[in-house]
Every structure is written in C-alpha cells, then in structure tokens.
Protein chains: 2
Amino acid sequence: MKAQALHGHLDALLLAVLEQGALHGYAIIESLRARSDGSLDLPTGTIYPALRRLERAGHVASTWSTVNGRERRTYQLTDSGRRALAGERAGWQEFRVTVGRFLDPGSPPVTPA
Amino acid sequence: MKAQALHGHLDALLLAVLEQGALHGYAIIESLRARSDGSLDLPTGTIYPALRRLERAGHVASTWSTVNGRERRTYQLTDSGRRALAGERAGWQEFRVTVGRFLDPGSPPVTPA
DNA sequence: TTCGACAAGTAGCGTAGCTACGCATGAAGG
DNA sequence: CCTTCATGCGTAGCTACGCTACTTGTCGAA
C-alpha cells in the first residue's frame with residue numbers, strides 16, 4: 001500500500017494498536033508493520049506527531065522509562081481514548097460502507113434488473 | 001458521515017460515478033448524495049477542483065453545453081480514467097482490508113487461542 | 001422583486017501525513 | 001578502534017487536498 005491515504009484514520013489505527021497493551025513509539029511502528037504484513041510502514045515523522053496529538057487530546061498518556069540505557073516513552077490508552085476508539089470504529093464502518101457502495105465489486109453498475 | 005476524511009478516495013468516487021454515464025458537476029454532487037443516502041453531501045468547492053484535477057490528469061474529458069439557458073460542463077470518463085478507476089478499486093480493497101484488520105469488529109483482540 | 005433551485009467557479013485556510021533531517025546508545029564486525 | 005546498523009526520540013518544512021465562504025449568472029415561483 002502506498003502508505004499515505006491513511007488520512008483521518010491514523011489516529012484510529014494508533015488507538016487500536018494501543019488497545020492491546022501499552023507500547024512505546026518505535027514498537028508501535030513495528031506492531032503496525034507486523035499486523036499489516038508490511039503494508040503499513042509508517043515513518044517516525046508520521047507517528048510521533050500523531051502520538052503527541054493524541055496525548056494533547058487526552059486519548060493516551062505517556063511515561064518515560066530507561067531500557068538498556070535507551071530512553072523510552074511508553075503510551076497507554078486512557079478511558080477517553082477507549083471511548084474515542086469506539087467512535088472511530090463506528091466512523092470507520094460508516095465510511096467503509098459508504099465508499100464501498102461506489103468502489104466495491106458488485107456495487108450498482110447500472111442498477112441491474 | 002462528517003464528509004471530510006474522504007482524503008485520497010475522492011477521485012475514485014468521482015470516477016465511479018462517471019462510470020455509469022457522463023454527468024455535469026452539479027449532477028455529480030446529487031448522484032453522490034443519492035447513492036449514499038445523503039451521507040456524502042460534498043460542496044462545490046470540493047468537487048469542481050477535483051474534476052479539474054482529473055481532467056488535467058486525462059482521466060475525464062469535458063464538453064460544454066447549454067440547457068435551458070444554463071451553461072453545463074459535462075464530464076465523461078476516458079480510457080485512461082477507466083484504467084485509473086480499476087487501479088483505485090484495487091487500492092481501495094487493499095486499504096479496506098488493511099485498515100479493517102485493526103478496526104473491524106472481531107479483529108485480532110489479543111491473538112486468541 | 002425577491003427568493004430559491006440550478007450551475008459554474010475561485011481564493012484562502014487548516015489539517016495532517018511525508019521527507020529529510022539531527023541526536024544518542026549499544027551491539028556487531030572488520 | 002572504528003564504522004555500521006538497529007534501536008529510540010524528536011522537529012522543521014513541504015505539500016496535498018478537502019473545506020469554508022464567496023462571486024457570477026439564469027430561470028421560475030411567490
């Protein structure tokens with residue numbers, strides 16, 4: 001996948017990844033890549049600002065720790081984040097159905113008999 | 001639907017609408033609204049520039065006509081546009097599957113047994 | 001004559017992801 | 001010893017693109 005075009009759905013993806021447990025930024029990138037079979041290979045310049053956005057919005061909280069002499073910032077979902085994720089999931093369903101009506105195979109080609 | 005978030009998929013929607021026959025700008029807006037049960041109510045400031053983009057790209061061609069004293073610019077799909085639509089459809093499938101893996105209900109919650 | 005549907009269009013804004021950097025540590029390999 | 005690579009954080013600036021708000025114009029109805 002050309003990666004971009006995530007537009008508007010990135011926050012939802014991040015929340016979904018964190019739903020399964022707290023992770024630090026780098027691990028989030030790897031998790032996205034792994035769970036998508038390599039389709040989603042997002043650059044740090046995409047996810048770090050996104051995580052800060054989510055933190056400002058109160059959807060995630062971060063804590064610093066040091067592992068093997070390396071600083072890590074671990075993010076975890078807040079209650080607000082969990083609610084937001086539910087909303088994002090609903091939004092995604094609507095989006096997918098609406099767009100699918102035009103782009104899914106077998107969508108009304110000429111209003112068949 | 002909050003309309004926005006179409007990001008990157010608008011071109012595909014326009015091509016899909018025009019696949020069923022040539023339409024003028026205003027009619028395209030109405031077609032999108034009708035086929036989506038009102039979910040997609042796009043402003044002219046969104047679709048006119050998009051149509052010009054598609055025309056510059058060679059995916060649609062336009063012809064002017066006058067109906068009831070009103071000027072109309074009617075757009076029709078070109079061969080290039082038809083190919084582009086096929087590509088957009090494939091891209092949409094991949095996108096939908098990839099994002100769905102994170103956001104669809106029943107997606108891997110904790111890698112079940 | 002005023003209002004609303006039809007029909008086209010643009011200017012400017014804001015959001016948000018991407019490119020391309022920079023910094024630092026630790027392990028591996030020459 | 002020194003370089004390279006994986007790990008790990010981060011930002012500045014660009015660009016793409018949809019949206020808001022606006023203009024222009026015809027026609028029919030109130």
# chains A, B, ... in the order shown; residues from 1 in each chain; ligands from 1
>>> interface_residues(of="chain B", to="chain C", cutoff="7 Å", atoms="only C-alpha atoms (C1' of nucleotides)", output="list in words")
Tyr26, Arg70, Glu71 and Arg72 of chain B
>>> interface_residues(of="chain B", to="chain D", cutoff="9 Å", atoms="only C-alpha atoms (C1' of nucleotides)", output="ChimeraX atom specification")
/B:4-8,43,45-46,68-70
>>> write_last_selection(atoms="N, CA and C atoms", output="PDB file, in the first residue's frame")
ATOM      1  N   GLN B   4     -15.629  14.948   5.377  1.00  0.00           N
ATOM      2  CA  GLN B   4     -14.181  15.001   5.187  1.00  0.00           C
ATOM      3  C   GLN B   4     -13.627  13.573   5.235  1.00  0.00           C
ATOM      4  N   ALA B   5     -12.410  13.374   5.514  1.00  0.00           N
ATOM      5  CA  ALA B   5     -11.902  12.013   5.664  1.00  0.00           C
ATOM      6  C   ALA B   5     -11.993  11.214   4.373  1.00  0.00           C
ATOM      7  N   LEU B   6     -12.574  11.837   3.356  1.00  0.00           N
ATOM      8  CA  LEU B   6     -12.599  11.191   2.047  1.00  0.00           C
ATOM      9  C   LEU B   6     -11.167  11.043   1.562  1.00  0.00           C
ATOM     10  N   HIS B   7     -10.358  11.935   2.076  1.00  0.00           N
ATOM     11  CA  HIS B   7      -8.949  12.062   1.740  1.00  0.00           C
ATOM     12  C   HIS B   7      -8.353  10.945   0.904  1.00  0.00           C
ATOM     13  N   GLY B   8      -8.127  11.283  -0.356  1.00  0.00           N
ATOM     14  CA  GLY B   8      -7.446  10.324  -1.212  1.00  0.00           C
ATOM     15  C   GLY B   8      -8.385   9.400  -1.947  1.00  0.00           C
ATOM     16  N   PRO B  43     -19.526  19.823  -1.028  1.00  0.00           N
ATOM     17  CA  PRO B  43     -19.662  21.194  -1.516  1.00  0.00           C
ATOM     18  C   PRO B  43     -18.988  21.356  -2.872  1.00  0.00           C
ATOM     19  N   GLY B  45     -16.976  23.512  -3.812  1.00  0.00           N
ATOM     20  CA  GLY B  45     -15.562  23.820  -3.637  1.00  0.00           C
ATOM     21  C   GLY B  45     -14.700  22.586  -3.494  1.00  0.00           C
ATOM     22  N   THR B  46     -15.346  21.467  -3.310  1.00  0.00           N
ATOM     23  CA  THR B  46     -14.606  20.207  -3.243  1.00  0.00           C
ATOM     24  C   THR B  46     -14.583  19.509  -4.594  1.00  0.00           C
ATOM     25  N   ASN B  68     -31.549  25.004 -21.171  1.00  0.00           N
ATOM     26  CA  ASN B  68     -32.449  25.984 -20.559  1.00  0.00           C
ATOM     27  C   ASN B  68     -31.725  27.279 -20.184  1.00  0.00           C
ATOM     28  N   GLY B  69     -30.878  27.710 -21.091  1.00  0.00           N
ATOM     29  CA  GLY B  69     -30.166  28.953 -20.837  1.00  0.00           C
ATOM     30  C   GLY B  69     -29.073  28.853 -19.794  1.00  0.00           C
ATOM     31  N   ARG B  70     -28.868  27.643 -19.269  1.00  0.00           N
ATOM     32  CA  ARG B  70     -27.804  27.475 -18.269  1.00  0.00           C
ATOM     33  C   ARG B  70     -26.631  26.697 -18.850  1.00  0.00           C
TER      34      ARG B  70
END
>>> closest_residue(among="A:Val97, A:Ala57, A:Ile47, A:Leu23", to="chain B", atoms="only C-alpha atoms")
A:Val97
>>> atom_distance(atom1="atom CA of A:Arg96", atom2="atom CA of A:Asp41")
21.8 Å
>>> calpha_fit_and_write(fixed="chain B", moving="chain A", output="PDB file with C-alpha atoms, in the first residue's frame")
ATOM      1  CA  MET A   1     -20.706  10.889   7.860  1.00  0.00           C
ATOM      2  CA  LYS A   2     -18.536  13.873   8.641  1.00  0.00           C
ATOM      3  CA  ALA A   3     -17.877  14.095   4.900  1.00  0.00           C
ATOM      4  CA  GLN A   4     -14.177  14.983   5.169  1.00  0.00           C
ATOM      5  CA  ALA A   5     -11.877  12.012   5.627  1.00  0.00           C
ATOM      6  CA  LEU A   6     -12.605  11.197   2.011  1.00  0.00           C
ATOM      7  CA  HIS A   7      -8.957  12.070   1.692  1.00  0.00           C
ATOM      8  CA  GLY A   8      -7.429  10.282  -1.213  1.00  0.00           C
ATOM      9  CA  HIS A   9     -10.562   8.426  -2.181  1.00  0.00           C
ATOM     10  CA  LEU A  10     -12.492  11.292  -3.698  1.00  0.00           C
ATOM     11  CA  ASP A  11     -11.010  10.838  -7.162  1.00  0.00           C
ATOM     12  CA  ALA A  12     -12.034   7.210  -7.097  1.00  0.00           C
ATOM     13  CA  LEU A  13     -15.590   8.126  -6.119  1.00  0.00           C
ATOM     14  CA  LEU A  14     -15.867  10.641  -8.930  1.00  0.00           C
ATOM     15  CA  LEU A  15     -14.572   8.164 -11.473  1.00  0.00           C
ATOM     16  CA  ALA A  16     -16.995   5.554 -10.168  1.00  0.00           C
ATOM     17  CA  VAL A  17     -19.939   7.908 -10.556  1.00  0.00           C
ATOM     18  CA  LEU A  18     -18.929   8.824 -14.086  1.00  0.00           C
ATOM     19  CA  GLU A  19     -18.518   5.159 -14.931  1.00  0.00           C
ATOM     20  CA  GLN A  20     -22.276   4.897 -15.195  1.00  0.00           C
ATOM     21  CA  GLY A  21     -22.514   7.707 -17.693  1.00  0.00           C
ATOM     22  CA  ALA A  22     -21.440  11.278 -18.334  1.00  0.00           C
ATOM     23  CA  LEU A  23     -22.724  13.865 -15.896  1.00  0.00           C
ATOM     24  CA  HIS A  24     -22.221  17.562 -15.219  1.00  0.00           C
ATOM     25  CA  GLY A  25     -20.731  18.800 -11.954  1.00  0.00           C
ATOM     26  CA  TYR A  26     -23.930  19.628 -10.175  1.00  0.00           C
ATOM     27  CA  ALA A  27     -25.456  16.291 -11.146  1.00  0.00           C
ATOM     28  CA  ILE A  28     -22.372  14.494  -9.846  1.00  0.00           C
ATOM     29  CA  ILE A  29     -22.906  16.047  -6.438  1.00  0.00           C
ATOM     30  CA  GLU A  30     -26.524  14.929  -6.463  1.00  0.00           C
ATOM     31  CA  SER A  31     -25.592  11.465  -7.638  1.00  0.00           C
ATOM     32  CA  LEU A  32     -23.096  11.061  -4.800  1.00  0.00           C
ATOM     33  CA  ARG A  33     -25.695  12.234  -2.310  1.00  0.00           C
ATOM     34  CA  ALA A  34     -28.378   9.946  -3.709  1.00  0.00           C
ATOM     35  CA  ARG A  35     -26.263   6.800  -3.979  1.00  0.00           C
ATOM     36  CA  SER A  36     -24.973   7.273  -0.448  1.00  0.00           C
ATOM     37  CA  ASP A  37     -28.354   8.006   1.116  1.00  0.00           C
ATOM     38  CA  GLY A  38     -27.286  11.529   1.938  1.00  0.00           C
ATOM     39  CA  SER A  39     -24.033  10.559   3.653  1.00  0.00           C
ATOM     40  CA  LEU A  40     -21.908  12.208   1.002  1.00  0.00           C
ATOM     41  CA  ASP A  41     -22.969  15.811   0.618  1.00  0.00           C
ATOM     42  CA  LEU A  42     -19.925  17.404  -0.950  1.00  0.00           C
ATOM     43  CA  PRO A  43     -19.612  21.172  -1.454  1.00  0.00           C
ATOM     44  CA  THR A  44     -18.878  22.579  -4.888  1.00  0.00           C
ATOM     45  CA  GLY A  45     -15.528  23.815  -3.599  1.00  0.00           C
ATOM     46  CA  THR A  46     -14.565  20.201  -3.233  1.00  0.00           C
ATOM     47  CA  ILE A  47     -15.759  18.629  -6.427  1.00  0.00           C
ATOM     48  CA  TYR A  48     -15.062  21.324  -9.024  1.00  0.00           C
ATOM     49  CA  PRO A  49     -11.354  21.506  -8.270  1.00  0.00           C
ATOM     50  CA  ALA A  50     -11.294  17.711  -8.116  1.00  0.00           C
ATOM     51  CA  LEU A  51     -12.852  17.439 -11.561  1.00  0.00           C
ATOM     52  CA  ARG A  52     -10.290  19.865 -12.978  1.00  0.00           C
ATOM     53  CA  ARG A  53      -7.568  17.739 -11.428  1.00  0.00           C
ATOM     54  CA  LEU A  54      -8.976  14.678 -13.108  1.00  0.00           C
ATOM     55  CA  GLU A  55      -9.239  16.506 -16.405  1.00  0.00           C
ATOM     56  CA  ARG A  56      -5.633  17.715 -16.207  1.00  0.00           C
ATOM     57  CA  ALA A  57      -4.668  14.117 -15.506  1.00  0.00           C
ATOM     58  CA  GLY A  58      -6.574  13.026 -18.592  1.00  0.00           C
ATOM     59  CA  HIS A  59      -8.970  10.795 -16.692  1.00  0.00           C
ATOM     60  CA  VAL A  60     -12.053  12.728 -17.733  1.00  0.00           C
ATOM     61  CA  ALA A  61     -12.953  14.985 -20.655  1.00  0.00           C
ATOM     62  CA  SER A  62     -15.474  17.805 -20.521  1.00  0.00           C
ATOM     63  CA  THR A  63     -17.819  19.361 -23.033  1.00  0.00           C
ATOM     64  CA  TRP A  64     -19.908  22.486 -22.641  1.00  0.00           C
ATOM     65  CA  SER A  65     -23.564  22.672 -23.461  1.00  0.00           C
ATOM     66  CA  THR A  66     -26.479  24.974 -22.778  1.00  0.00           C
ATOM     67  CA  VAL A  67     -29.636  23.606 -21.205  1.00  0.00           C
ATOM     68  CA  ASN A  68     -32.503  25.960 -20.460  1.00  0.00           C
ATOM     69  CA  GLY A  69     -30.236  28.961 -20.795  1.00  0.00           C
ATOM     70  CA  ARG A  70     -27.822  27.502 -18.256  1.00  0.00           C
ATOM     71  CA  GLU A  71     -24.276  26.548 -19.091  1.00  0.00           C
ATOM     72  CA  ARG A  72     -23.327  23.019 -18.276  1.00  0.00           C
ATOM     73  CA  ARG A  73     -19.978  21.316 -18.305  1.00  0.00           C
ATOM     74  CA  THR A  74     -20.446  17.623 -18.795  1.00  0.00           C
ATOM     75  CA  TYR A  75     -17.704  15.208 -17.839  1.00  0.00           C
ATOM     76  CA  GLN A  76     -17.121  11.784 -19.275  1.00  0.00           C
ATOM     77  CA  LEU A  77     -14.649   9.067 -18.437  1.00  0.00           C
ATOM     78  CA  THR A  78     -11.716   8.546 -20.797  1.00  0.00           C
ATOM     79  CA  ASP A  79      -9.964   5.236 -21.366  1.00  0.00           C
ATOM     80  CA  SER A  80      -7.246   6.456 -19.073  1.00  0.00           C
ATOM     81  CA  GLY A  81      -9.931   7.226 -16.498  1.00  0.00           C
ATOM     82  CA  ARG A  82     -11.332   3.731 -16.780  1.00  0.00           C
ATOM     83  CA  ARG A  83      -7.893   2.267 -16.182  1.00  0.00           C
ATOM     84  CA  ALA A  84      -7.367   4.642 -13.274  1.00  0.00           C
ATOM     85  CA  LEU A  85     -10.676   3.561 -11.778  1.00  0.00           C
ATOM     86  CA  ALA A  86      -9.623  -0.076 -11.918  1.00  0.00           C
ATOM     87  CA  GLY A  87      -6.430   0.846 -10.095  1.00  0.00           C
ATOM     88  CA  GLU A  88      -8.326   2.869  -7.526  1.00  0.00           C
ATOM     89  CA  ARG A  89     -10.657  -0.058  -6.921  1.00  0.00           C
ATOM     90  CA  ALA A  90      -7.707  -2.361  -6.282  1.00  0.00           C
ATOM     91  CA  GLY A  91      -6.160   0.231  -3.988  1.00  0.00           C
ATOM     92  CA  TRP A  92      -9.401   0.591  -2.117  1.00  0.00           C
ATOM     93  CA  GLN A  93      -9.631  -3.148  -1.525  1.00  0.00           C
ATOM     94  CA  GLU A  94      -6.133  -3.236  -0.113  1.00  0.00           C
ATOM     95  CA  PHE A  95      -6.784  -0.209   2.030  1.00  0.00           C
ATOM     96  CA  ARG A  96     -10.048  -1.573   3.332  1.00  0.00           C
ATOM     97  CA  VAL A  97      -8.531  -4.942   4.220  1.00  0.00           C
ATOM     98  CA  THR A  98      -5.461  -3.445   5.866  1.00  0.00           C
ATOM     99  CA  VAL A  99      -7.292  -0.884   7.956  1.00  0.00           C
ATOM    100  CA  GLY A 100     -10.076  -3.351   8.621  1.00  0.00           C
ATOM    101  CA  ARG A 101      -7.577  -5.665  10.229  1.00  0.00           C
ATOM    102  CA  PHE A 102      -7.282  -3.088  12.980  1.00  0.00           C
ATOM    103  CA  LEU A 103     -10.723  -1.550  13.085  1.00  0.00           C
ATOM    104  CA  ASP A 104     -13.245  -4.153  12.010  1.00  0.00           C
ATOM    105  CA  PRO A 105     -15.073  -5.892  14.846  1.00  0.00           C
ATOM    106  CA  GLY A 106     -13.605  -9.283  15.515  1.00  0.00           C
ATOM    107  CA  SER A 107     -10.145  -8.167  14.516  1.00  0.00           C
ATOM    108  CA  PRO A 108      -7.342  -9.750  16.570  1.00  0.00           C
ATOM    109  CA  PRO A 109      -8.172  -8.453  20.043  1.00  0.00           C
ATOM    110  CA  VAL A 110      -5.411 -10.278  21.930  1.00  0.00           C
ATOM    111  CA  THR A 111      -4.668 -13.050  19.468  1.00  0.00           C
ATOM    112  CA  PRO A 112      -7.306 -15.438  20.793  1.00  0.00           C
ATOM    113  CA  ALA A 113      -6.831 -19.140  21.417  1.00  0.00           C
TER     114      ALA A 113
END
>>> select_by_dssp(residues="chain B", states="strand (DSSP E)", output="ChimeraX atom specification")
/B:23-24,60-67,70-77
>>> select_by_dssp(residues="chain A", states="helix (DSSP H, G or I)", output="NGL selection string")
:A and (10-19 or 25-35 or 44-56 or 79-103)
